[in-house]
file query14.cif (mmCIF, C-alpha atoms)
data_protein
#
loop_
_atom_site.label_atom_id
_atom_site.label_comp_id
_atom_site.auth_asym_id
_atom_site.auth_seq_id
_atom_site.Cartn_x
_atom_site.Cartn_y
_atom_site.Cartn_z
CA MET X 1 -9.01 -1.59 -8.79
CA LEU X 2 -9.37 -4.69 -10.93
CA ASP X 3 -9.23 -4.50 -14.72
CA ILE X 4 -12.81 -4.66 -16.02
CA LYS X 5 -11.49 -6.78 -18.90
CA LEU X 6 -10.34 -9.38 -16.36
CA VAL X 7 -13.79 -9.45 -14.76
CA ARG X 8 -15.49 -9.78 -18.16
CA GLU X 9 -13.23 -12.55 -19.41
CA ASN X 10 -12.61 -14.46 -16.16
CA PRO X 11 -15.66 -13.98 -13.90
CA THR X 12 -15.28 -17.48 -12.48
CA ALA X 13 -11.71 -16.77 -11.31
CA VAL X 14 -12.72 -13.43 -9.78
CA LYS X 15 -15.68 -15.03 -7.98
CA ALA X 16 -13.42 -17.80 -6.65
CA SER X 17 -10.98 -15.18 -5.36
CA GLU X 18 -13.77 -13.23 -3.63
CA LYS X 19 -15.14 -16.42 -2.09
CA LYS X 20 -11.67 -17.37 -0.81
CA ARG X 21 -11.49 -13.95 0.83
CA ASN X 22 -14.76 -14.87 2.61
CA ARG X 23 -16.61 -12.18 0.65
CA ASN X 24 -19.83 -12.37 -1.35
CA PRO X 25 -19.03 -13.30 -4.99
CA ALA X 26 -22.43 -11.93 -6.09
CA ALA X 27 -20.73 -8.52 -6.33
CA VAL X 28 -19.01 -9.79 -9.50
CA ASP X 29 -22.41 -10.35 -11.16
CA GLU X 30 -23.49 -6.86 -10.13
CA VAL X 31 -20.40 -5.40 -11.80
CA LEU X 32 -21.06 -7.36 -14.99
CA LYS X 33 -24.74 -6.35 -15.05
CA LEU X 34 -23.83 -2.67 -14.75
CA ASP X 35 -21.12 -3.15 -17.38
CA GLN X 36 -23.63 -4.65 -19.82
CA SER X 37 -26.08 -1.80 -19.22
CA TRP X 38 -23.29 0.72 -19.79
CA LYS X 39 -22.18 -0.95 -23.03
CA LYS X 40 -25.79 -1.14 -24.25
CA GLU X 41 -26.31 2.56 -23.55
CA LEU X 42 -22.98 3.42 -25.15
CA LYS X 43 -24.01 1.55 -28.30
CA ALA X 44 -27.30 3.44 -28.37
CA VAL X 45 -25.42 6.75 -28.17
CA GLU X 46 -23.19 5.74 -31.08
CA GLU X 47 -26.23 4.79 -33.16
CA LEU X 48 -27.89 8.12 -32.35
CA LYS X 49 -24.73 9.99 -33.33
CA HIS X 50 -24.71 8.11 -36.63
CA LYS X 51 -28.36 9.06 -37.11
CA ARG X 52 -27.50 12.68 -36.34
CA ASN X 53 -24.86 12.65 -39.07
CA VAL X 54 -27.30 11.14 -41.57
CA VAL X 55 -30.02 13.68 -40.73
CA SER X 56 -27.48 16.49 -40.99
CA GLN X 57 -26.65 15.38 -44.53
CA GLU X 58 -30.37 15.13 -45.35
CA ILE X 59 -30.92 18.71 -44.11
CA ASN X 60 -28.10 19.97 -46.28
CA GLN X 61 -29.50 18.11 -49.29
CA ALA X 62 -33.04 19.43 -48.68
CA LYS X 63 -31.76 22.99 -48.43
CA LYS X 64 -29.68 22.50 -51.55
CA ASN X 65 -32.81 21.31 -53.37
CA LYS X 66 -34.78 24.24 -51.84
CA LYS X 67 -37.19 21.89 -50.08
CA GLU X 68 -37.72 24.16 -47.07
CA LYS X 69 -40.59 22.20 -45.46
CA GLU X 70 -38.59 18.98 -45.64
CA ALA X 71 -35.54 20.79 -44.24
CA ALA X 72 -37.59 22.22 -41.34
CA LYS X 73 -38.96 18.75 -40.56
CA LYS X 74 -35.46 17.31 -40.58
CA ILE X 75 -34.18 20.13 -38.34
CA LYS X 76 -36.85 19.27 -35.77
CA GLU X 77 -35.84 15.63 -36.02
CA MET X 78 -32.22 16.67 -35.52
CA ARG X 79 -33.11 18.58 -32.34
CA ASP X 80 -34.91 15.52 -30.96
CA VAL X 81 -31.89 13.33 -31.76
CA VAL X 82 -29.46 15.79 -30.12
CA GLU X 83 -31.67 15.95 -27.02
CA GLU X 84 -31.81 12.14 -26.87
CA ILE X 85 -28.02 11.94 -27.27
CA LYS X 86 -27.59 14.31 -24.33
CA LYS X 87 -29.88 12.23 -22.10
CA ARG X 88 -28.24 8.97 -23.12
CA GLU X 89 -24.72 10.34 -22.59
CA GLU X 90 -25.66 11.43 -19.07
CA LYS X 91 -26.98 7.95 -18.44
CA THR X 92 -23.75 6.34 -19.70
CA VAL X 93 -21.75 8.53 -17.29
CA HIS X 94 -23.91 7.47 -14.34
CA LEU X 95 -23.76 3.80 -15.33
CA LEU X 96 -19.98 3.92 -15.72
CA GLN X 97 -19.61 5.58 -12.33
CA ALA X 98 -21.88 2.97 -10.74
CA ARG X 99 -19.96 0.14 -12.41
CA ASP X 100 -16.57 1.46 -11.35
CA GLU X 101 -17.78 2.11 -7.82
CA LYS X 102 -18.93 -1.49 -7.56
CA LEU X 103 -15.74 -2.68 -9.30
CA SER X 104 -13.62 -0.82 -6.74
CA ILE X 105 -14.95 -2.94 -3.86
CA LEU X 106 -13.77 -6.19 -5.45
CA GLY X 107 -10.48 -7.41 -4.02
CA ASN X 108 -7.33 -8.02 -6.01
CA LEU X 109 -7.09 -11.44 -7.61
CA LEU X 110 -5.36 -13.70 -5.10
CA HIS X 111 -2.08 -15.46 -5.80
CA PRO X 112 -2.71 -19.23 -6.05
CA LYS X 113 -0.47 -19.88 -3.03
CA VAL X 114 -2.35 -17.56 -0.67
CA PRO X 115 -3.61 -19.89 2.09
CA ALA X 116 -7.31 -20.07 2.89
CA GLY X 117 -8.28 -18.71 6.29
CA ARG X 118 -10.72 -16.47 8.13
CA ASP X 119 -8.41 -14.10 10.01
CA ALA X 120 -4.89 -13.49 11.37
CA SER X 121 -5.11 -16.62 13.55
CA GLU X 122 -4.89 -18.70 10.37
CA ASN X 123 -1.84 -17.02 8.82
CA VAL X 124 0.84 -19.56 7.93
CA GLU X 125 4.45 -19.61 9.14
CA ILE X 126 6.78 -20.02 6.15
CA LYS X 127 10.20 -20.06 7.80
CA THR X 128 12.18 -18.92 10.83
CA GLY X 129 15.61 -17.32 11.08
CA GLY X 130 18.14 -16.30 13.71
CA LYS X 131 18.75 -17.70 17.17
CA LYS X 132 16.52 -16.92 20.13
CA PRO X 133 18.50 -15.71 23.18
CA ARG X 134 18.59 -17.72 26.40
CA PHE X 135 18.61 -15.80 29.64
CA THR X 136 19.83 -16.97 33.05
CA PHE X 137 18.27 -14.03 34.87
CA PRO X 138 14.81 -12.40 35.16
CA ILE X 139 14.33 -10.34 32.02
CA LYS X 140 12.79 -6.88 31.69
CA ASN X 141 10.51 -5.56 28.97
CA HIS X 142 11.66 -2.68 26.77
CA VAL X 143 9.81 -0.04 28.81
CA GLU X 144 11.48 -1.15 32.06
CA LEU X 145 14.87 -1.18 30.37
CA ALA X 146 14.50 2.20 28.66
CA GLU X 147 13.20 3.92 31.78
CA SER X 148 15.72 2.33 34.16
CA LEU X 149 18.54 3.45 31.86
CA GLY X 150 17.05 6.95 31.53
CA LEU X 151 16.73 6.56 27.75
CA ALA X 152 13.01 7.25 27.20
CA ASP X 153 10.26 9.28 28.80
CA PHE X 154 6.72 8.16 28.12
CA GLU X 155 5.00 10.06 30.93
CA ARG X 156 6.17 13.50 29.80
CA ALA X 157 5.40 12.61 26.16
CA ALA X 158 1.81 11.81 27.21
CA LYS X 159 1.66 15.18 28.96
CA VAL X 160 2.89 16.96 25.81
CA SER X 161 1.06 14.99 23.09
CA GLY X 162 -1.13 12.30 24.70
CA ASN X 163 -0.84 8.52 24.58
CA GLY X 164 0.99 7.01 21.64
CA PHE X 165 4.05 9.28 21.69
CA TYR X 166 7.50 9.20 23.32
CA PHE X 167 10.65 11.13 24.07
CA LEU X 168 13.86 9.30 23.16
CA LYS X 169 16.84 10.40 25.22
CA GLY X 170 20.60 9.98 25.08
CA ASP X 171 21.97 6.82 23.55
CA LEU X 172 18.54 5.42 22.62
CA GLY X 173 18.06 8.45 20.38
CA VAL X 174 21.47 7.72 18.89
CA LEU X 175 20.41 4.08 18.35
CA ASN X 176 17.31 5.32 16.51
CA GLN X 177 19.47 7.35 14.15
CA ALA X 178 21.98 4.49 13.78
CA LEU X 179 19.20 2.20 12.59
CA LEU X 180 18.10 4.74 10.01
CA ARG X 181 21.62 5.28 8.70
CA PHE X 182 22.26 1.53 8.60
CA ALA X 183 19.04 0.95 6.61
CA LEU X 184 19.80 3.79 4.19
CA ASP X 185 23.30 2.46 3.53
CA PHE X 186 21.95 -1.08 3.15
CA MET X 187 19.32 -0.12 0.55
CA GLN X 188 21.67 2.15 -1.38
CA LYS X 189 24.16 -0.70 -1.72
CA LYS X 190 21.31 -2.77 -3.18
CA GLY X 191 20.99 -0.22 -5.98
CA TYR X 192 17.67 1.33 -4.94
CA VAL X 193 17.17 5.09 -5.44
CA TYR X 194 16.75 7.16 -2.27
CA VAL X 195 13.71 9.44 -2.01
CA GLU X 196 12.63 11.77 0.79
CA PRO X 197 8.86 12.10 0.27
CA PRO X 198 6.32 14.75 1.32
CA LEU X 199 4.66 14.01 4.65
CA LEU X 200 1.34 15.40 3.39
CA ILE X 201 -0.48 13.69 0.55
CA HIS X 202 -3.56 14.30 -1.61
CA LYS X 203 -6.48 12.07 -0.70
CA LYS X 204 -6.78 10.90 -4.32
CA ILE X 205 -3.40 9.21 -3.98
CA LEU X 206 -4.40 7.64 -0.64
CA ASN X 207 -7.67 6.38 -2.09
CA ALA X 208 -5.67 4.50 -4.72
CA ALA X 209 -3.43 2.99 -2.05
CA ILE X 210 -5.97 1.90 0.57
CA ASN X 211 -9.71 1.49 1.01
CA ALA X 212 -12.12 3.78 2.86
CA GLU X 213 -12.16 1.62 6.01
CA GLU X 214 -8.38 1.70 6.29
CA PHE X 215 -8.45 5.46 5.68
CA ALA X 216 -10.86 6.02 8.56
CA GLN X 217 -8.99 3.72 10.94
CA SER X 218 -5.45 4.96 10.39
CA ILE X 219 -5.10 8.27 8.54
CA TYR X 220 -4.94 11.77 10.03
CA SER X 221 -6.91 13.98 7.63
CA ILE X 222 -6.29 17.75 7.44
CA GLU X 223 -9.61 19.49 8.05
CA GLY X 224 -10.72 21.78 5.23
CA GLU X 225 -7.96 20.64 2.85
CA ASP X 226 -7.47 17.87 0.32
CA LEU X 227 -4.49 16.59 2.32
CA ALA X 228 -3.66 13.98 4.92
CA LEU X 229 -0.58 13.00 6.92
CA ILE X 230 1.08 9.91 5.53
CA GLY X 231 0.71 6.65 7.46
CA THR X 232 3.68 5.30 5.49
CA SER X 233 5.93 6.69 2.76
CA GLU X 234 4.73 3.78 0.62
CA HIS X 235 1.72 5.96 -0.23
CA SER X 236 3.83 8.91 -1.36
CA LEU X 237 6.05 6.65 -3.43
CA LEU X 238 2.99 5.11 -5.12
CA GLY X 239 1.96 8.58 -6.26
CA LEU X 240 5.41 9.45 -7.56
CA HIS X 241 4.55 8.39 -11.14
CA ALA X 242 0.78 9.06 -11.11
CA GLY X 243 -0.53 9.75 -14.62
CA GLU X 244 2.77 8.83 -16.26
CA ALA X 245 3.62 6.39 -19.04
CA LEU X 246 7.24 5.31 -18.70
CA PRO X 247 9.33 3.55 -21.38
CA GLU X 248 10.07 -0.14 -20.94
CA GLN X 249 13.83 0.43 -20.67
CA GLU X 250 13.34 2.46 -17.48
CA PHE X 251 11.93 -0.53 -15.59
CA PRO X 252 12.11 -1.65 -12.89
CA GLN X 253 11.93 1.55 -10.85
CA LYS X 254 13.33 0.68 -7.40
CA TYR X 255 13.01 3.22 -4.60
CA PHE X 256 13.58 3.44 -0.88
CA SER X 257 12.64 6.27 1.42
CA TYR X 258 12.87 7.52 4.96
CA SER X 259 10.01 9.38 6.59
CA MET X 260 8.18 9.99 9.80
CA CYS X 261 4.79 8.25 9.71
CA PHE X 262 1.56 9.12 11.47
CA ARG X 263 -1.31 6.76 12.32
CA LYS X 264 -4.49 7.18 14.31
CA GLU X 265 -4.55 3.44 15.14
CA ILE X 266 -8.27 3.52 15.95
CA GLY X 267 -9.37 0.19 17.34
CA SER X 268 -5.80 -1.10 17.65
CA HIS X 269 -4.97 -3.17 20.69
CA GLY X 270 -2.36 -1.64 22.95
CA ILE X 271 -2.24 1.94 21.66
CA ASN X 272 -2.74 3.11 25.24
CA GLU X 273 -0.06 0.73 26.48
CA LYS X 274 3.15 2.49 27.44
CA GLY X 275 6.13 1.88 25.19
CA LEU X 276 7.46 1.94 21.64
CA TRP X 277 5.61 -0.93 19.97
CA ARG X 278 2.42 0.77 18.70
CA ARG X 279 2.68 4.53 18.33
CA HIS X 280 0.93 7.43 16.60
CA GLN X 281 4.27 8.70 15.24
CA PHE X 282 7.29 6.65 14.20
CA ASN X 283 10.28 6.54 11.84
CA LYS X 284 10.36 4.13 8.93
CA VAL X 285 12.49 3.23 5.93
CA GLU X 286 10.36 1.82 3.11
CA GLN X 287 11.10 -0.14 -0.07
CA PHE X 288 8.99 0.31 -3.22
CA ILE X 289 9.15 -1.13 -6.74
CA PHE X 290 7.34 -0.34 -10.01
CA CYS X 291 7.87 -3.19 -12.47
CA ALA X 292 6.57 -4.97 -15.56
CA PRO X 293 3.69 -7.38 -14.78
CA GLU X 294 5.69 -10.50 -15.62
CA GLU X 295 8.40 -9.58 -13.09
CA SER X 296 6.43 -8.80 -9.94
CA GLU X 297 6.76 -12.25 -8.39
CA LYS X 298 10.55 -12.09 -8.87
CA TYR X 299 10.72 -8.74 -7.07
CA PHE X 300 8.41 -10.00 -4.33
CA GLN X 301 11.11 -12.55 -3.51
CA GLU X 302 13.84 -9.89 -3.79
CA LEU X 303 12.08 -7.63 -1.28
CA LEU X 304 11.68 -10.58 1.06
CA GLN X 305 15.40 -11.30 0.85
CA ASN X 306 16.23 -7.66 1.59
CA SER X 307 14.24 -7.78 4.83
CA GLU X 308 15.69 -11.10 5.91
CA ASP X 309 19.19 -9.76 5.26
CA ILE X 310 18.46 -6.73 7.47
CA LEU X 311 17.14 -8.84 10.35
CA GLN X 312 20.06 -11.25 10.04
CA ALA X 313 22.56 -8.36 10.05
CA LEU X 314 20.91 -7.08 13.25
CA GLU X 315 21.17 -10.62 14.72
CA LEU X 316 17.46 -10.65 15.55
CA PRO X 317 15.47 -13.91 15.62
CA TYR X 318 12.48 -13.75 13.29
CA ARG X 319 9.91 -15.66 11.30
CA VAL X 320 8.17 -15.13 7.96
CA VAL X 321 4.38 -15.50 7.88
CA GLU X 322 2.15 -15.66 4.80
CA ILE X 323 -1.09 -13.72 5.24
CA CYS X 324 -4.19 -15.85 4.67
CA ALA X 325 -7.02 -14.83 2.35
CA GLY X 326 -9.35 -13.66 5.11
CA ASP X 327 -6.70 -11.36 6.63
CA LEU X 328 -5.41 -9.96 3.33
CA SER X 329 -6.20 -6.33 2.46
CA LEU X 330 -8.31 -5.88 -0.67
CA TRP X 331 -5.53 -4.27 -2.72
CA LYS X 332 -3.04 -7.09 -2.06
CA HIS X 333 -2.41 -10.04 -4.37
CA ARG X 334 -0.08 -11.66 -1.86
CA SER X 335 1.56 -10.57 1.40
CA TYR X 336 4.13 -11.74 3.94
CA ASP X 337 4.76 -10.36 7.41
CA LEU X 338 8.20 -10.61 8.97
CA GLU X 339 7.90 -10.91 12.73
CA VAL X 340 10.64 -10.49 15.31
CA TRP X 341 10.96 -12.57 18.47
CA ARG X 342 10.05 -10.84 21.74
CA PRO X 343 11.33 -12.81 24.74
CA THR X 344 9.24 -10.76 27.16
CA THR X 345 5.96 -11.84 25.54
CA ASN X 346 7.28 -15.23 24.42
CA SER X 347 5.88 -14.51 20.96
CA TYR X 348 6.66 -12.95 17.60
CA GLY X 349 5.54 -9.43 16.62
CA GLU X 350 5.23 -7.95 13.13
CA VAL X 351 7.99 -5.53 12.10
CA MET X 352 7.88 -5.66 8.30
CA SER X 353 5.04 -6.08 5.81
CA LEU X 354 5.73 -7.21 2.24
CA SER X 355 3.03 -6.88 -0.45
CA ASN X 356 2.61 -7.53 -4.15
CA CYS X 357 -0.31 -5.33 -5.25
CA THR X 358 0.02 -6.24 -8.97
CA ASP X 359 -1.78 -3.58 -11.07
CA TYR X 360 -4.55 -2.90 -8.53
CA GLN X 361 -3.20 0.41 -7.17
CA ALA X 362 -1.48 1.62 -10.33
CA ARG X 363 -4.69 1.36 -12.40
CA LYS X 364 -6.42 4.00 -10.27
CA LEU X 365 -3.48 6.35 -10.75
CA ASP X 366 -3.01 5.53 -14.46
CA ILE X 367 0.65 4.49 -14.18
CA LYS X 368 1.70 2.66 -17.33
CA LEU X 369 4.66 1.01 -19.01
CA VAL X 370 5.18 1.70 -22.72
CA LYS X 371 6.68 -1.38 -24.33
CA ASN X 372 9.20 -1.10 -27.15
CA ASP X 373 6.51 -2.09 -29.66
CA GLY X 374 4.32 0.83 -28.51
CA THR X 375 1.77 -1.18 -26.54
CA ARG X 376 0.93 -0.10 -23.00
CA GLN X 377 0.46 -2.01 -19.76
CA VAL X 378 -0.55 -0.94 -16.28
CA VAL X 379 2.52 -1.44 -14.09
CA HIS X 380 2.74 -3.67 -11.02
CA THR X 381 3.64 -2.19 -7.62
CA LEU X 382 5.30 -3.84 -4.63
CA ASN X 383 6.25 -2.51 -1.23
CA ASN X 384 7.98 -3.70 1.91
CA THR X 385 9.26 -2.20 5.13
CA ALA X 386 13.04 -1.99 5.37
CA LEU X 387 12.68 -1.19 9.06
CA ALA X 388 10.57 0.84 11.47
CA THR X 389 12.96 2.00 14.17
CA SER X 390 10.57 1.93 17.14
CA ARG X 391 9.74 -1.78 16.84
CA ILE X 392 13.32 -2.73 15.99
CA MET X 393 14.46 -0.84 19.10
CA VAL X 394 11.98 -2.88 21.16
CA ALA X 395 13.50 -6.06 19.72
CA ILE X 396 17.07 -4.91 20.40
CA LEU X 397 16.31 -3.82 23.96
CA GLU X 398 14.60 -7.08 24.83
CA ASN X 399 16.86 -9.53 22.97
CA PHE X 400 20.21 -7.89 23.79
CA GLN X 401 19.65 -7.09 27.48
CA THR X 402 22.24 -8.18 30.04
CA LYS X 403 22.12 -9.38 33.64
CA GLU X 404 23.39 -5.94 34.71
CA GLY X 405 20.37 -4.25 33.13
CA THR X 406 22.32 -2.80 30.21
CA VAL X 407 21.73 -3.50 26.52
CA LYS X 408 24.35 -4.62 24.00
CA VAL X 409 24.27 -2.87 20.62
CA PRO X 410 24.30 -5.20 17.56
CA LYS X 411 27.74 -5.12 15.96
CA VAL X 412 26.46 -4.00 12.57
CA LEU X 413 25.37 -0.70 14.20
CA TRP X 414 28.68 0.06 15.95
CA PRO X 415 30.00 2.22 13.06
CA TYR X 416 26.93 4.46 13.44
CA MET X 417 26.97 4.74 17.26
CA ASN X 418 29.91 7.12 17.83
CA GLY X 419 31.80 4.44 19.75
CA ILE X 420 28.81 3.30 21.86
CA GLN X 421 28.62 -0.50 22.03
CA GLU X 422 26.37 -0.84 25.07
CA LEU X 423 23.43 1.18 26.35
CA LYS X 424 24.09 2.10 29.98
CA ARG X 425 22.72 4.55 32.48
CA LYS X 426 24.76 7.75 32.46
CA LYS X 427 26.26 8.74 35.81
#
call {"tool": "encode", "arguments": {"input": "query14.cif", "output": "structure tokens"}}
result
Amino acid sequence: MLDIKLVRENPTAVKASEKKRNRNPAAVDEVLKLDQSWKKELKAVEELKHKRNVVSQEINQAKKNKKEKEAAKKIKEMRDVVEEIKKREEKTVHLLQARDEKLSILGNLLHPKVPAGRDASENVEIKTGGKKPRFTFPIKNHVELAESLGLADFERAAKVSGNGFYFLKGDLGVLNQALLRFALDFMQKKGYVYVEPPLLIHKKILNAAINAEEFAQSIYSIEGEDLALIGTSEHSLLGLHAGEALPEQEFPQKYFSYSMCFRKEIGSHGINEKGLWRRHQFNKVEQFIFCAPEESEKYFQELLQNSEDILQALELPYRVVEICAGDLSLWKHRSYDLEVWRPTTNSYGEVMSLSNCTDYQARKLDIKLVKNDGTRQVVHTLNNTALATSRIMVAILENFQTKEGTVKVPKVLWPYMNGIQELKRKK
């Protein structure tokens, strides 16, 4: 949620940001109108409380002077004031709730470099990396490769759990674990702290992380309980310091985590398509940073470099895309997608998502930094995928396939593969 002080002091900038997102900037005026009504009512309450104190003193003085009639009159006046205070306080609560509800639908203030655009078709390529493979033979997609090598079973998974699930078998299961171990070692060497988060999360935490539409589209909610399955460990990590005020010397707080993730993927293209690309359940290593406001852009670039280093180590061709204003989630100040090359579709596909959310999420959860001089600031939060194994496995299968129908394993994963350097069909 935006800082109401920002909206009060810079309404023009907030309106410009909303307009760039292709949203109605009139919502900013509605917030300010409710804010003014709330402040006016709050002032009236304070004046009434002052009056109550004055009348209380007058009652005491009248009783002291044995002026009983005057005291009785003042007591009646006091009751009327107390009743009016109660009504006005209730009104201030309702106005504040209405203001904050309207405030919560405003998007985060956009970074100046966020490109204009209506939707994903207008996202902007920033750079490319790696070398696309050249094949001298007819190539197979990852499903054909995995099934022909006996390394995955999608039909039986559908029988057990429905579409959107899979069985990994043999060396492909080993590859999945190798990717996780590689990512964990990589992030630990970068100095990030490893966390294994809960897979169930209170909805209050989720509501700070995402909006209601995203919740409905992607999150599995536990019926009858204030819990949901995580769609990403990013959400659990965000809640790690909820309600805390941490000293300045403890910043930045850099975390990485491994978890299974669960997503409904309602409305997503291809969820019924066989394979590993878009699934209801997958494994992911996530990066997350809490930092001082003035440092979030620096750590945005650091998280980007981490992901590029991972893709380069895996020898996968990729590109970096900046998300345009019309495709940017409300809670994001700026976001990049890292997309890997898929030779079978002759296109790039998103495998990592990097976001600077500034103080938008942390404000809802009251996560603050206490500076050395005693002042407090709402912290900034950033997150980025280290890797999601299912999509990276798709990229490896398709980019490292051979004429013989086998798949070479990237060299950086050899130490984690128990001597396996090539995925082959077992005799």
call {"tool": "resolve_selection", "arguments": {"input": "query14.cif", "expression": "the PyMOL selection byres ((chain X and resi 113) around 10)", "output": "list in words"}}
result
Leu110, His111, Pro112, Val114, Pro115, Ala116, Glu322, Cys324, Ala325 and Arg334 of chain X
call {"tool": "resolve_selection", "arguments": {"input": "query14.cif", "expression": "the PyMOL selection byres ((chain X and resi 291-297) around 7)", "output": "list in words"}}
result
Phe251, Pro252, Gln253, Ile289, Phe290, Lys298, Tyr299, Phe300, Gln301, Thr358, Val379, His380 and Thr381 of chain X
call {"tool": "atom_distance", "arguments": {"input": "query14.cif", "atom1": "CA of Asn211 (chain X)", "atom2": "CA of Val320 (chain X)"}}
result
25.4 Å
call {"tool": "atom_distance", "arguments": {"input": "query14.cif", "atom1": "CA of Ala228 (chain X)", "atom2": "CA of Ala242 (chain X)"}}
result
17.3 Å
call {"tool": "closest_residue", "arguments": {"input": "query14.cif", "among": "X:Gln97, X:Gln36, X:Gln312, X:Ser347", "to": "Lys411 (chain X)", "atoms": "all atoms listed in the file"}}
result
X:Gln312
call {"tool": "decode", "arguments": {"input": "query14.cif", "residues": "region 304-317 of chain X", "atoms": "N, CA, C and O atoms", "output": "PDB file, in the first residue's frame"}}
result
ATOM      1  N   LEU X 304      19.476  -9.170 -10.158  1.00  0.00           N
ATOM      2  CA  LEU X 304      19.547  -9.426 -11.602  1.00  0.00           C
ATOM      3  C   LEU X 304      20.838 -10.159 -11.944  1.00  0.00           C
ATOM      4  O   LEU X 304      20.832 -11.152 -12.687  1.00  0.00           O
ATOM      5  N   GLN X 305      21.946  -9.698 -11.392  1.00  0.00           N
ATOM      6  CA  GLN X 305      23.234 -10.323 -11.678  1.00  0.00           C
ATOM      7  C   GLN X 305      23.277 -11.760 -11.189  1.00  0.00           C
ATOM      8  O   GLN X 305      23.815 -12.647 -11.870  1.00  0.00           O
ATOM      9  N   ASN X 306      22.677 -12.022 -10.017  1.00  0.00           N
ATOM     10  CA  ASN X 306      22.619 -13.396  -9.506  1.00  0.00           C
ATOM     11  C   ASN X 306      21.960 -14.322 -10.519  1.00  0.00           C
ATOM     12  O   ASN X 306      22.447 -15.413 -10.810  1.00  0.00           O
ATOM     13  N   SER X 307      20.812 -13.895 -11.052  1.00  0.00           N
ATOM     14  CA  SER X 307      20.078 -14.738 -11.992  1.00  0.00           C
ATOM     15  C   SER X 307      20.834 -14.928 -13.297  1.00  0.00           C
ATOM     16  O   SER X 307      20.854 -16.024 -13.870  1.00  0.00           O
ATOM     17  N   GLU X 308      21.445 -13.876 -13.776  1.00  0.00           N
ATOM     18  CA  GLU X 308      22.238 -14.013 -15.006  1.00  0.00           C
ATOM     19  C   GLU X 308      23.401 -14.971 -14.788  1.00  0.00           C
ATOM     20  O   GLU X 308      23.704 -15.791 -15.663  1.00  0.00           O
ATOM     21  N   ASP X 309      24.040 -14.886 -13.622  1.00  0.00           N
ATOM     22  CA  ASP X 309      25.154 -15.788 -13.317  1.00  0.00           C
ATOM     23  C   ASP X 309      24.693 -17.249 -13.304  1.00  0.00           C
ATOM     24  O   ASP X 309      25.408 -18.146 -13.772  1.00  0.00           O
ATOM     25  N   ILE X 310      23.504 -17.493 -12.772  1.00  0.00           N
ATOM     26  CA  ILE X 310      22.961 -18.861 -12.729  1.00  0.00           C
ATOM     27  C   ILE X 310      22.715 -19.378 -14.144  1.00  0.00           C
ATOM     28  O   ILE X 310      23.109 -20.503 -14.497  1.00  0.00           O
ATOM     29  N   LEU X 311      22.070 -18.581 -14.974  1.00  0.00           N
ATOM     30  CA  LEU X 311      21.772 -19.009 -16.344  1.00  0.00           C
ATOM     31  C   LEU X 311      23.048 -19.195 -17.156  1.00  0.00           C
ATOM     32  O   LEU X 311      23.153 -20.113 -17.974  1.00  0.00           O
ATOM     33  N   GLN X 312      24.039 -18.335 -16.915  1.00  0.00           N
ATOM     34  CA  GLN X 312      25.312 -18.476 -17.624  1.00  0.00           C
ATOM     35  C   GLN X 312      26.048 -19.729 -17.169  1.00  0.00           C
ATOM     36  O   GLN X 312      26.651 -20.437 -17.988  1.00  0.00           O
ATOM     37  N   ALA X 313      25.998 -20.030 -15.864  1.00  0.00           N
ATOM     38  CA  ALA X 313      26.635 -21.254 -15.357  1.00  0.00           C
ATOM     39  C   ALA X 313      25.991 -22.495 -15.957  1.00  0.00           C
ATOM     40  O   ALA X 313      26.672 -23.493 -16.225  1.00  0.00           O
ATOM     41  N   LEU X 314      24.686 -22.434 -16.188  1.00  0.00           N
ATOM     42  CA  LEU X 314      23.962 -23.562 -16.785  1.00  0.00           C
ATOM     43  C   LEU X 314      24.082 -23.592 -18.309  1.00  0.00           C
ATOM     44  O   LEU X 314      23.544 -24.494 -18.957  1.00  0.00           O
ATOM     45  N   GLU X 315      24.766 -22.591 -18.864  1.00  0.00           N
ATOM     46  CA  GLU X 315      25.014 -22.490 -20.320  1.00  0.00           C
ATOM     47  C   GLU X 315      23.698 -22.419 -21.118  1.00  0.00           C
ATOM     48  O   GLU X 315      23.595 -22.980 -22.210  1.00  0.00           O
ATOM     49  N   LEU X 316      22.729 -21.709 -20.552  1.00  0.00           N
ATOM     50  CA  LEU X 316      21.437 -21.571 -21.220  1.00  0.00           C
ATOM     51  C   LEU X 316      21.312 -20.185 -21.862  1.00  0.00           C
ATOM     52  O   LEU X 316      21.593 -19.178 -21.217  1.00  0.00           O
ATOM     53  N   PRO X 317      20.912 -20.122 -23.128  1.00  0.00           N
ATOM     54  CA  PRO X 317      20.684 -18.827 -23.766  1.00  0.00           C
ATOM     55  C   PRO X 317      19.441 -18.154 -23.179  1.00  0.00           C
ATOM     56  O   PRO X 317      18.437 -18.819 -22.910  1.00  0.00           O
TER      57      PRO X 317
END
